file query_0.txt (compact mmCIF, C-alpha atoms)
# COMPACT_ATOMS: atom_id res chain seq x y z
CA MET A 1 -41.30 28.44 -5.26
CA LYS A 2 -37.97 29.78 -4.05
CA ILE A 3 -37.80 27.06 -1.40
CA LYS A 4 -38.44 24.39 -4.04
CA ALA A 5 -35.68 25.80 -6.20
CA PHE A 6 -33.36 25.84 -3.21
CA PHE A 7 -34.00 22.16 -2.46
CA LEU A 8 -33.60 21.25 -6.11
CA ILE A 9 -30.22 22.99 -6.21
CA LEU A 10 -29.27 21.24 -2.96
CA ALA A 11 -30.26 17.83 -4.37
CA PHE A 12 -28.33 18.42 -7.58
CA SER A 13 -25.25 19.53 -5.67
CA ALA A 14 -25.45 16.39 -3.51
CA ILE A 15 -25.66 14.21 -6.62
CA GLY A 16 -22.88 16.21 -8.22
CA SER A 17 -20.58 15.75 -5.24
CA GLN A 18 -21.33 12.01 -5.21
CA LEU A 19 -20.45 11.78 -8.88
CA ALA A 20 -17.29 13.79 -8.27
CA ALA A 21 -16.33 11.35 -5.51
CA GLN A 22 -16.75 8.51 -8.00
CA ASP A 23 -14.49 10.33 -10.46
CA VAL A 24 -11.44 9.82 -8.38
CA LEU A 25 -10.72 6.15 -7.84
CA SER A 26 -7.77 5.21 -5.67
CA PRO A 27 -5.04 3.23 -7.49
CA SER A 28 -5.95 0.03 -5.63
CA ARG A 29 -9.65 0.30 -6.55
CA LYS A 30 -8.73 1.08 -10.16
CA GLN A 31 -6.40 -1.92 -10.20
CA ALA A 32 -9.20 -4.14 -8.87
CA ILE A 33 -11.45 -3.00 -11.74
CA ASP A 34 -8.69 -3.48 -14.31
CA SER A 35 -8.17 -7.03 -13.06
CA LEU A 36 -11.90 -7.72 -13.05
CA ALA A 37 -12.22 -6.73 -16.73
CA LEU A 38 -9.16 -8.78 -17.66
CA GLU A 39 -10.63 -11.73 -15.77
CA LYS A 40 -13.86 -11.48 -17.81
CA VAL A 41 -11.88 -11.74 -21.05
CA ARG A 42 -10.10 -14.82 -19.65
CA ASP A 43 -13.50 -16.28 -18.76
CA LEU A 44 -14.64 -15.64 -22.34
CA SER A 45 -11.57 -17.41 -23.65
CA LYS A 46 -12.49 -20.51 -21.64
CA TYR A 47 -16.12 -20.36 -22.77
CA ILE A 48 -15.11 -20.12 -26.44
CA SER A 49 -12.82 -23.07 -25.99
CA ILE A 50 -15.65 -25.12 -24.42
CA ILE A 51 -18.18 -24.16 -27.13
CA GLY A 52 -15.73 -24.91 -29.94
CA ASN A 53 -14.64 -28.23 -28.45
CA LYS A 54 -16.34 -31.10 -30.26
CA ASP A 55 -16.24 -33.19 -27.06
CA THR A 56 -18.55 -30.76 -25.26
CA PRO A 57 -22.10 -32.18 -25.08
CA TRP A 58 -24.63 -30.18 -27.05
CA SER A 59 -26.67 -29.19 -23.98
CA GLU A 60 -23.56 -28.06 -22.15
CA ALA A 61 -22.41 -26.00 -25.11
CA ASN A 62 -25.81 -24.31 -25.31
CA ARG A 63 -25.74 -23.56 -21.58
CA VAL A 64 -22.25 -22.07 -21.95
CA ILE A 65 -23.44 -19.96 -24.90
CA GLU A 66 -26.04 -18.39 -22.60
CA ARG A 67 -23.34 -17.68 -20.00
CA THR A 68 -21.10 -16.22 -22.68
CA LEU A 69 -23.82 -13.90 -23.92
CA GLU A 70 -24.13 -12.49 -20.41
CA LEU A 71 -20.59 -11.15 -20.76
CA PHE A 72 -21.42 -9.00 -23.81
CA ALA A 73 -23.11 -5.67 -24.27
CA ASP A 74 -26.19 -5.69 -26.51
CA GLY A 75 -25.33 -5.47 -30.18
CA ALA A 76 -21.66 -6.46 -29.77
CA MET A 77 -20.07 -7.86 -32.92
CA MET A 78 -17.43 -10.52 -33.30
CA GLY A 79 -14.87 -10.45 -36.12
CA VAL A 80 -13.99 -13.68 -37.91
CA SER A 81 -11.07 -14.01 -40.31
CA SER A 82 -9.35 -16.74 -42.26
CA ILE A 83 -5.97 -17.12 -43.91
CA ASN A 84 -7.88 -18.19 -47.02
CA ARG A 85 -9.60 -14.81 -47.57
CA GLU A 86 -8.82 -11.12 -47.28
CA GLU A 87 -11.95 -9.76 -45.64
CA VAL A 88 -13.04 -10.03 -42.03
CA ASN A 89 -16.64 -11.03 -41.42
CA TYR A 90 -18.52 -9.63 -38.45
CA TYR A 91 -21.32 -11.52 -36.68
CA GLY A 92 -23.52 -10.88 -33.70
CA VAL A 93 -22.16 -12.75 -30.67
CA ARG A 94 -24.93 -15.36 -30.54
CA GLU A 95 -24.56 -16.10 -34.24
CA TYR A 96 -20.79 -16.31 -33.90
CA LEU A 97 -21.05 -18.76 -30.99
CA GLU A 98 -23.62 -20.94 -32.74
CA ARG A 99 -21.45 -21.03 -35.88
CA LEU A 100 -18.46 -21.89 -33.72
CA MET A 101 -20.38 -24.77 -32.14
CA ALA A 102 -21.38 -26.08 -35.56
CA LEU A 103 -17.96 -25.82 -37.27
CA ASN A 104 -17.36 -28.58 -39.73
CA TYR A 105 -14.32 -30.06 -38.06
CA ASP A 106 -13.86 -33.30 -36.22
CA ARG A 107 -11.69 -31.65 -33.60
CA VAL A 108 -11.40 -27.98 -32.67
CA ASN A 109 -8.93 -26.49 -30.27
CA ILE A 110 -9.02 -22.78 -29.48
CA GLN A 111 -6.56 -21.08 -27.18
CA TRP A 112 -6.29 -17.43 -26.19
CA TYR A 113 -3.01 -16.11 -24.89
CA ASN A 114 -1.09 -12.87 -24.28
CA ILE A 115 -4.24 -11.28 -22.90
CA GLN A 116 -3.38 -7.70 -21.94
CA TYR A 117 -4.52 -4.10 -22.06
CA ILE A 118 -3.47 -2.06 -25.07
CA SER A 119 -5.55 0.86 -23.93
CA ASP A 120 -6.14 1.36 -20.21
CA LEU A 121 -9.60 1.78 -18.81
CA GLU A 122 -10.38 5.49 -19.03
CA ARG A 123 -13.36 7.25 -17.55
CA GLN A 124 -15.74 8.66 -20.14
CA PRO A 125 -17.98 11.71 -19.71
CA ASP A 126 -20.98 9.39 -19.15
CA GLY A 127 -19.21 7.79 -16.15
CA LYS A 128 -18.40 4.48 -17.85
CA TYR A 129 -14.85 3.27 -18.13
CA VAL A 130 -13.72 2.10 -21.55
CA GLY A 131 -10.55 0.23 -22.46
CA VAL A 132 -9.21 -2.18 -25.04
CA ILE A 133 -7.71 -5.56 -24.31
CA THR A 134 -5.76 -7.41 -26.96
CA ILE A 135 -5.58 -11.17 -27.25
CA TYR A 136 -3.97 -13.71 -29.55
CA GLN A 137 -6.12 -16.65 -30.60
CA ARG A 138 -4.71 -19.88 -31.92
CA PHE A 139 -7.37 -21.83 -33.79
CA GLU A 140 -6.80 -25.41 -34.79
CA GLY A 141 -9.39 -27.45 -36.68
CA VAL A 142 -8.86 -31.02 -37.83
CA THR A 143 -11.17 -32.65 -40.36
CA LYS A 144 -12.26 -36.33 -40.38
CA GLU A 145 -9.73 -36.85 -43.13
CA GLY A 146 -6.97 -35.50 -40.88
CA LEU A 147 -6.57 -32.19 -42.68
CA LYS A 148 -5.49 -29.49 -40.31
CA TYR A 149 -6.26 -25.78 -40.45
CA VAL A 150 -4.31 -23.56 -38.05
CA ASP A 151 -4.27 -19.78 -37.77
CA VAL A 152 -3.22 -17.20 -35.23
CA THR A 153 -5.39 -14.11 -34.98
CA LYS A 154 -4.78 -10.96 -33.06
CA LYS A 155 -8.01 -9.48 -31.74
CA ASP A 156 -8.92 -6.30 -29.87
CA VAL A 157 -11.71 -6.53 -27.32
CA THR A 158 -13.41 -3.32 -26.23
CA VAL A 159 -14.41 -3.44 -22.57
CA TYR A 160 -16.92 -1.22 -20.81
CA VAL A 161 -17.04 -1.01 -17.04
CA GLU A 162 -19.83 0.77 -15.23
CA ARG A 163 -20.55 1.31 -11.56
CA LYS A 164 -24.06 0.19 -10.65
CA THR A 165 -26.04 -0.51 -7.52
CA THR A 166 -28.54 -3.20 -6.60
CA GLN A 167 -30.47 -4.12 -3.51
CA ILE A 168 -29.87 -7.49 -1.87
CA SER A 169 -31.71 -8.39 1.35
CA GLY A 170 -32.45 -4.72 1.89
CA ARG A 171 -28.79 -3.78 1.48
CA ILE A 172 -27.60 -1.46 -1.29
CA ILE A 173 -24.68 -3.13 -3.03
CA GLY A 174 -22.32 -1.20 -5.28
CA PHE A 175 -20.84 -3.33 -8.04
CA TRP A 176 -18.84 -2.96 -11.24
CA ASP A 177 -20.59 -4.27 -14.32
CA VAL A 178 -18.09 -5.37 -16.95
CA MET A 179 -19.45 -5.63 -20.46
CA LEU A 180 -17.52 -6.75 -23.50
CA GLY A 181 -18.07 -4.87 -26.72
CA ASP A 182 -16.96 -5.55 -30.29
CA ILE A 183 -14.11 -7.93 -30.89
CA ARG A 184 -12.15 -6.78 -33.93
CA VAL A 185 -9.61 -8.77 -35.87
CA THR A 186 -6.39 -6.84 -36.41
CA GLU A 187 -4.09 -9.52 -37.78
CA THR A 188 -4.36 -13.08 -39.12
CA LYS A 189 -1.42 -15.35 -39.81
CA PRO A 190 -1.03 -19.03 -40.57
CA GLY A 191 -0.19 -20.99 -37.43
CA ASN A 192 1.80 -24.08 -36.86
CA MET B 193 53.91 53.97 54.47
CA GLY B 194 55.86 56.18 52.08
CA THR B 195 58.86 56.04 54.38
CA VAL B 196 58.73 52.23 54.62
CA PHE B 197 58.52 52.00 50.85
CA ALA B 198 61.44 54.41 50.43
CA GLU B 199 63.53 52.45 52.93
CA SER B 200 62.73 49.13 51.29
CA HIS B 201 63.55 50.59 47.90
CA THR B 202 66.93 51.72 49.17
CA LYS B 203 67.61 48.31 50.74
CA PHE B 204 66.53 46.52 47.57
CA SER B 205 68.87 48.70 45.49
CA GLU B 206 71.73 47.98 47.85
CA PHE B 207 70.91 44.29 47.74
CA LEU B 208 70.95 44.26 43.98
CA LEU B 209 74.22 46.13 43.89
CA LEU B 210 75.67 43.63 46.34
CA PHE B 211 74.87 40.77 43.97
CA ILE B 212 75.63 42.64 40.82
CA ASN B 213 78.92 44.14 41.75
CA PRO B 214 81.06 42.45 44.43
CA LEU B 215 83.39 45.47 44.31
CA THR B 216 80.63 47.66 45.61
CA MET B 217 80.27 45.22 48.47
CA MET B 218 83.92 45.48 49.10
CA LYS B 219 83.74 49.23 49.02
CA ASN B 220 80.87 49.36 51.48
CA SER B 221 81.69 48.80 55.06
CA PHE B 222 81.42 45.04 55.36
CA SER B 223 79.93 43.68 58.61
CA PRO B 224 78.38 40.17 59.19
CA ALA B 225 75.27 41.62 60.85
CA ARG B 226 74.56 43.90 57.96
CA LEU B 227 75.13 41.06 55.51
CA LYS B 228 72.74 38.78 57.42
CA HIS B 229 70.16 41.47 57.50
CA ARG B 230 70.46 42.00 53.80
CA LEU B 231 70.31 38.28 53.04
CA SER B 232 67.16 37.76 55.06
CA PHE B 233 65.58 40.74 53.32
CA GLY B 234 66.57 39.23 50.00
CA MET B 235 65.00 35.91 50.91
CA MET B 236 61.78 37.61 51.92
CA LEU B 237 61.72 39.52 48.67
CA LEU B 238 62.32 36.33 46.71
CA LEU B 239 59.48 34.60 48.59
CA ALA B 240 57.14 37.52 47.89
CA VAL B 241 58.00 37.42 44.22
CA THR B 242 57.44 33.64 44.10
CA ILE B 243 54.06 33.87 45.90
CA GLY B 244 53.03 36.74 43.65
CA ALA B 245 53.89 34.77 40.56
CA GLY B 246 52.02 31.74 41.93
CA LEU B 247 48.92 33.79 42.61
CA SER B 248 48.99 35.25 39.16
CA SER B 249 49.28 31.76 37.59
CA CYS B 250 46.33 30.47 39.65
CA ASN B 251 44.17 33.37 38.51
CA SER B 252 44.86 32.70 34.83
CA GLN B 253 44.10 28.98 35.31
CA LYS B 254 40.74 29.87 36.83
CA LYS B 255 40.03 32.13 33.91
CA LEU B 256 40.92 29.34 31.48
CA ALA B 257 38.70 26.86 33.32
CA LYS B 258 35.84 29.35 33.32
CA LYS B 259 36.26 29.99 29.62
CA LYS B 260 36.32 26.23 28.95
CA ALA B 261 33.16 25.70 31.01
CA GLU B 262 31.40 28.48 29.14
CA GLN B 263 32.44 26.95 25.82
CA GLU B 264 31.20 23.53 26.91
CA LEU B 265 27.88 24.99 28.02
CA ALA B 266 27.51 26.79 24.69
CA GLU B 267 28.24 23.56 22.83
CA LYS B 268 25.79 21.59 25.00
CA THR B 269 23.12 24.23 24.48
CA ALA B 270 23.66 24.25 20.73
CA LYS B 271 23.46 20.43 20.58
CA ALA B 272 20.37 20.38 22.78
CA LYS B 273 18.71 22.97 20.55
CA ALA B 274 19.62 21.07 17.41
CA ASP B 275 18.24 17.80 18.87
CA LEU B 276 15.04 19.46 20.01
CA LEU B 277 14.51 21.12 16.63
CA ALA B 278 15.17 17.78 14.93
CA ILE B 279 12.44 16.25 17.10
CA LEU B 280 10.02 19.08 16.40
CA ASN B 281 10.66 19.14 12.65
CA ASP B 282 10.80 15.38 12.19
CA ASP B 283 8.41 14.17 9.50
CA GLY B 284 8.71 10.47 10.19
CA LYS B 285 12.37 9.77 9.52
CA MET B 286 13.04 9.04 13.19
CA THR B 287 11.17 6.48 15.21
CA LEU B 288 9.24 7.62 18.23
CA GLU B 289 11.70 5.76 20.45
CA GLU B 290 14.65 7.62 18.90
CA LYS B 291 12.96 10.93 19.52
CA GLU B 292 12.07 10.01 23.10
CA PHE B 293 15.68 8.95 23.70
CA LYS B 294 16.99 12.26 22.33
CA LEU B 295 14.54 14.26 24.45
CA ALA B 296 15.50 12.33 27.60
CA ALA B 297 19.19 13.04 26.88
CA VAL B 298 18.51 16.77 26.52
CA LYS B 299 16.46 16.81 29.73
CA ARG B 300 19.31 15.10 31.60
CA MET B 301 21.59 18.06 30.67
CA ASN B 302 19.51 20.25 33.02
CA LEU B 303 20.27 23.34 31.00
CA ASP B 304 19.18 26.60 32.58
CA ASN B 305 18.14 28.19 29.31
CA GLN B 306 14.64 29.48 28.71
CA GLU B 307 14.71 28.77 24.97
CA ILE B 308 15.73 25.16 25.61
CA LYS B 309 13.05 24.80 28.28
CA ASP B 310 10.41 26.09 25.84
CA LEU B 311 11.60 23.71 23.12
CA ILE B 312 11.53 20.80 25.61
CA GLY B 313 7.92 21.69 26.40
CA GLN B 314 6.98 21.71 22.72
CA ALA B 315 8.85 18.46 22.05
CA GLU B 316 7.15 16.73 25.01
CA GLU B 317 3.78 17.84 23.71
CA LYS B 318 4.56 16.56 20.19
CA LEU B 319 5.87 13.21 21.41
CA ASN B 320 2.86 12.76 23.71
CA ARG B 321 0.59 13.26 20.71
CA GLU B 322 2.63 10.83 18.62
CA ARG B 323 2.69 8.26 21.42
CA ALA B 324 -1.10 8.49 21.79
CA ALA B 325 -1.58 8.08 18.02
CA LEU B 326 0.79 5.11 17.97
CA GLU B 327 -1.01 3.44 20.87
CA LYS B 328 -4.33 4.02 19.10
CA LYS B 329 -2.95 2.52 15.87
CA LYS B 330 -1.57 -0.47 17.76
CA GLU B 331 -4.94 -1.05 19.37
CA GLU B 332 -6.71 -0.78 16.01
CA ASP B 333 -4.22 -3.20 14.44
CA ARG B 334 -4.74 -5.62 17.31
CA LEU B 335 -8.53 -5.47 16.90
CA GLN B 336 -8.16 -5.90 13.12
CA ARG B 337 -5.90 -8.93 13.63
CA GLU B 338 -8.40 -10.43 16.05
CA LYS B 339 -11.21 -9.83 13.56
CA GLU B 340 -9.22 -11.43 10.75
CA ALA B 341 -8.32 -14.37 12.97
CA ARG B 342 -12.01 -14.87 13.83
CA GLU B 343 -12.94 -14.71 10.15
CA ARG B 344 -10.13 -17.12 9.24
CA GLU B 345 -11.29 -19.43 12.00
CA MET B 346 -14.81 -19.29 10.57
CA ARG B 347 -13.54 -19.96 7.06
CA GLU B 348 -11.05 -22.66 7.78
CA SER B 349 -12.41 -24.57 10.69
CA GLY B 350 -15.88 -23.21 11.29
CA PRO B 351 -19.08 -23.58 9.33
CA TYR B 352 -17.45 -22.01 6.21
CA ARG B 353 -14.95 -24.83 5.87
CA ASN B 354 -17.51 -27.19 4.38
CA ILE B 355 -18.76 -24.55 1.94
CA ASN B 356 -15.22 -23.80 0.76
CA LEU B 357 -14.57 -27.51 0.31
CA ALA B 358 -17.80 -27.86 -1.67
CA LEU B 359 -16.87 -24.95 -3.96
CA ASP B 360 -13.35 -26.32 -4.50
CA ALA B 361 -14.73 -29.77 -5.27
CA VAL B 362 -16.74 -28.34 -8.19
CA GLY B 363 -13.78 -26.36 -9.55
CA ASN B 364 -11.46 -29.35 -9.28
CA ALA B 365 -13.86 -31.91 -10.80
CA SER B 366 -12.15 -33.91 -13.51
CA ASP B 367 -15.15 -34.19 -15.87
CA ILE B 368 -18.59 -32.78 -16.48
CA SER B 369 -20.56 -35.54 -14.74
CA THR B 370 -18.40 -35.37 -11.60
CA ALA B 371 -18.74 -31.58 -11.60
CA ASN B 372 -22.53 -31.86 -11.94
CA MET B 373 -22.64 -34.29 -9.02
CA LYS B 374 -20.53 -31.91 -6.90
CA ILE B 375 -22.83 -29.04 -7.84
CA ARG B 376 -25.84 -31.03 -6.61
CA GLU B 377 -24.03 -31.82 -3.36
CA ALA B 378 -23.01 -28.19 -2.87
CA LEU B 379 -26.52 -26.91 -3.51
CA VAL B 380 -27.79 -28.94 -0.53
CA ASN B 381 -26.20 -26.32 1.71
CA PHE B 382 -28.20 -23.49 0.15
CA ALA B 383 -31.77 -22.28 0.55
CA GLY B 384 -32.23 -22.42 -3.25
CA ASP B 385 -30.55 -22.10 -6.64
CA ASP B 386 -31.16 -18.36 -6.65
CA VAL B 387 -29.32 -17.55 -3.43
CA PRO B 388 -27.40 -14.34 -4.18
CA VAL B 389 -23.63 -14.55 -4.37
CA LEU B 390 -21.51 -11.44 -3.98
CA ILE B 391 -17.84 -11.40 -4.85
CA LEU B 392 -15.84 -8.67 -3.13
CA ILE B 393 -13.11 -7.35 -5.41
CA SER B 394 -11.92 -4.38 -3.38
CA LYS B 395 -12.55 -2.77 -0.03
CA GLU B 396 -11.27 0.60 1.09
CA GLY B 397 -12.73 1.93 4.32
CA GLU B 398 -16.46 2.12 3.78
CA ASP B 399 -16.19 1.60 0.02
CA SER B 400 -16.83 -2.01 -0.98
CA ASP B 401 -16.60 -2.95 -4.65
CA TYR B 402 -18.22 -6.14 -5.87
CA ASP B 403 -18.30 -8.04 -9.11
CA LYS B 404 -21.76 -8.20 -10.71
CA PRO B 405 -23.94 -10.22 -8.28
CA THR B 406 -24.78 -13.73 -9.43
CA THR B 407 -26.67 -16.72 -8.06
CA ILE B 408 -25.24 -19.82 -6.41
CA ARG B 409 -26.33 -22.04 -9.33
CA LYS B 410 -24.59 -19.79 -11.86
CA TYR B 411 -21.54 -19.45 -9.66
CA LEU B 412 -21.18 -23.22 -9.29
CA GLU B 413 -21.54 -23.63 -13.06
CA PHE B 414 -18.93 -20.93 -13.52
CA LEU B 415 -16.54 -23.00 -11.32
CA LYS B 416 -17.31 -26.08 -13.42
CA ASP B 417 -16.73 -24.26 -16.74
CA GLN B 418 -13.60 -22.42 -15.67
CA LYS B 419 -12.19 -25.47 -13.84
CA LYS B 420 -10.99 -23.32 -10.98
CA SER B 421 -12.14 -22.06 -7.59
CA PRO B 422 -10.64 -18.61 -7.23
CA ASN B 423 -12.71 -17.36 -4.28
CA LYS B 424 -13.37 -18.32 -0.69
CA VAL B 425 -16.20 -17.54 1.68
CA LEU B 426 -16.03 -14.20 3.42
CA ASN B 427 -19.46 -14.30 4.95
CA ALA B 428 -22.59 -16.41 4.80
CA VAL B 429 -26.08 -15.66 6.05
CA PHE B 430 -28.10 -18.67 7.21
CA ASP B 431 -31.86 -19.04 7.37
CA ALA B 432 -33.86 -20.63 10.18
CA ASN B 433 -33.24 -24.09 8.65
CA GLY B 434 -29.48 -23.66 8.66
CA LYS B 435 -29.35 -23.16 4.89
CA ILE B 436 -27.36 -20.38 3.33
CA LYS B 437 -29.53 -17.59 2.02
CA GLU B 438 -26.75 -15.15 1.10
CA LEU B 439 -23.09 -15.77 0.30
CA GLU B 440 -20.25 -13.31 0.17
CA LEU B 441 -16.96 -14.37 -1.39
CA ILE B 442 -13.52 -12.87 -1.64
CA LYS B 443 -10.48 -13.71 -3.76
CA LYS B 444 -8.27 -16.41 -2.24

call {"tool": "encode", "arguments": {"input": "query_0.txt", "output": "structure tokens"}}
result
Amino acid sequence: MKIKAFFLILAFSAIGSQLAAQDVLSPSRKQAIDSLALEKVRDLSKYISIIGNKDTPWSEANRVIERTLELFADGAMMGVSSINREEVNYYGVREYLERLMALNYDRVNIQWYNIQYISDLERQPDGKYVGVITIYQRFEGVTKEGLKYVDVTKKDVTVYVERKTTQISGRIIGFWDVMLGDIRVTETKPGN
Amino acid sequence: MGTVFAESHTKFSEFLLLFINPLTMMKNSFSPARLKHRLSFGMMLLLAVTIGAGLSSCNSQKKLAKKKAEQELAEKTAKAKADLLAILNDDGKMTLEEKEFKLAAVKRMNLDNQEIKDLIGQAEEKLNRERAALEKKKEEDRLQREKEAREREMRESGPYRNINLALDAVGNASDISTANMKIREALVNFAGDDVPVLILISKEGEDSDYDKPTTIRKYLEFLKDQKKSPNKVLNAVFDANGKIKELELIKK
């Protein structure tokens, strides 16, 4: 019994020391993870632009929706605002993307810019890193009649980064899984 | 001896009186022989005084030279000690060559001082260690450069060249149908659509960090959607048919 307890303690200390080693990331590794998360938000920006674009074939847009969903954590919500109303509506990501694809405009142009961290990735007690990236979105929709709607929205994207492992060809691979969380609208202004 | 000294003293007094007071000379019985005798004695005395003075001057010069040599030795020793301590306490401000040059200069002084000899021993030991570490680092750098050159060769002119070109062709495609065609062409090189693709984002010693693994089909579609080709091949594993069964990429 004592021997079992000893080995259990030994195993827990080994796990503990491994976790402690993970705690301290060198600046260059941390920078690589920061860049990776920022890159995922840029990828999302491109995907949204493709889905919203009326020139994108329907099958392509649906394929891109599936790719986009892979970027998000389960249950993530997307905020949608308008200069014509006060409140911000929140949708599940799939619903948001499908609504975006079906927008009643003849032409849609969406651009994200000034993509940057407003809250650095910080390690949480559960081992995940959480940060917030802010973006500005310029939305332009033109109707068949030539009416144009333009707004600029500031949005905050919560990002979660977690260290995971997988086995590929018998090799254990350590990778960083970046998941996007809720995207909240913080400001909406008419654009030009 | 006492008599000789007394006689000389008398003669010297007479001689002085002769020069001091010519009247005395006149008073004394004046004979040429006596005068000659006195003159020659005077000359001898003058010579003795001159030689004595010369000897005394020579002695003081020797003392001066000795003092100067001692001062120079003390200065040399102090400088040697300072240089040796600078070598021993150096934390990387001086290059190894500078330190070796300083040590050689101290050794050339050939100082017979036990403290200096001990410090030379310690400095030699330290510089030998540093030299060995430097040589080891140089060798490691050389091996690393060779490894990188081999990898670059593989990427740019070896079997990876075609894969990189295929990936770039998808990212640079001007429209969806061209991109789809390039994807089909690229996939010919792979064992299947599900070939795993790893993207290395950071490597520090044994710690390799990857992006979330994907498949070659998804990666090629990613290049098409993003209209860019940000990575290049780091490594590829081929199957028996010469098709890629595992692909490792790294940022360009």

call {"tool": "closest_atom_pairs", "arguments": {"input": "query_0.txt", "of": "chain A", "to": "chain B", "cutoff": "10 Å", "atoms": "all atoms listed in the file", "output": "CSV"}}
result
residue,atom,partner,partner_atom,distance
A:Ser26,CA,B:Glu396,CA,8.9
A:Ser28,CA,B:Ser394,CA,7.8
A:Arg29,CA,B:Ser394,CA,6.1
A:Lys30,CA,B:Ser394,CA,9.3
A:Gln31,CA,B:Ser394,CA,9.1
A:Ala32,CA,B:Ile393,CA,6.1
A:Ile33,CA,B:Ile393,CA,7.9
A:Ser35,CA,B:Ile393,CA,9.1
A:Leu36,CA,B:Asp403,CA,7.5
A:Ala37,CA,B:Asp403,CA,9.8
A:Arg42,CA,B:Gln418,CA,9.3
A:Asp43,CA,B:Gln418,CA,6.9
A:Leu44,CA,B:Gln418,CA,9.6
A:Ser45,CA,B:Gln418,CA,9.6
A:Lys46,CA,B:Gln418,CA,6.4
A:Tyr47,CA,B:Asp417,CA,7.2
A:Ile50,CA,B:Asp417,CA,7.8
A:Thr56,CA,B:Ile368,CA,9.0
A:Pro57,CA,B:Ile368,CA,9.3
A:Glu60,CA,B:Ile368,CA,8.9
A:Arg63,CA,B:Glu413,CA,9.5
A:Val64,CA,B:Asp417,CA,7.9
A:Arg67,CA,B:Phe414,CA,8.5
A:Arg163,CA,B:Asp401,CA,9.0
A:Lys164,CA,B:Lys404,CA,8.7
A:Thr165,CA,B:Lys404,CA,9.4
A:Thr166,CA,B:Pro405,CA,8.6
A:Ile168,CA,B:Pro388,CA,7.6
A:Ser169,CA,B:Glu438,CA,8.4
A:Ile173,CA,B:Tyr402,CA,7.7
A:Gly174,CA,B:Asp401,CA,6.0
A:Phe175,CA,B:Tyr402,CA,4.4
A:Trp176,CA,B:Asp403,CA,5.5
A:Asp177,CA,B:Lys404,CA,5.5
A:Val178,CA,B:Lys404,CA,7.8

call {"tool": "atom_distance", "arguments": {"input": "query_0.txt", "atom1": "CA of Arg184 (chain A)", "atom2": "CA of Leu103 (chain A)"}}
result
20.2 Å

call {"tool": "atom_distance", "arguments": {"input": "query_0.txt", "atom1": "CA of Lys374 (chain B)", "atom2": "CA of Val362 (chain B)"}}
result
5.4 Å

call {"tool": "residues_around", "arguments": {"input": "query_0.txt", "residues": "Ile65 (chain A)", "least_positions_apart": "5", "cutoff": "12 Å", "atoms": "all atoms listed in the file", "output": "JSON, numbers by chain"}}
result
{"A": [44, 46, 47, 48, 49, 50, 51, 52, 56, 58, 59, 60, 70, 71, 72, 93, 94, 95, 96, 97, 98, 99, 100, 101], "B": [417]}

call {"tool": "atom_distance", "arguments": {"input": "query_0.txt", "atom1": "CA of Arg353 (chain B)", "atom2": "CA of Arg171 (chain A)"}}
result
25.6 Å

call {"tool": "residues_around", "arguments": {"input": "query_0.txt", "residues": "Asn84 (chain A)", "least_positions_apart": "2", "cutoff": "12 Å", "atoms": "all atoms listed in the file", "output": "CSV table (one decimal) with C-alpha atoms, keeping the file's coordinate frame"}}
result
chain,number,residue,atom,x,y,z
A,80,VAL,CA,-14.0,-13.7,-37.9
A,81,SER,CA,-11.1,-14.0,-40.3
A,82,SER,CA,-9.4,-16.7,-42.3
A,86,GLU,CA,-8.8,-11.1,-47.3
A,87,GLU,CA,-12.0,-9.8,-45.6
A,88,VAL,CA,-13.0,-10.0,-42.0
A,149,TYR,CA,-6.3,-25.8,-40.4
A,150,VAL,CA,-4.3,-23.6,-38.0
A,151,ASP,CA,-4.3,-19.8,-37.8
A,188,THR,CA,-4.4,-13.1,-39.1
A,189,LYS,CA,-1.4,-15.4,-39.8
A,190,PRO,CA,-1.0,-19.0,-40.6
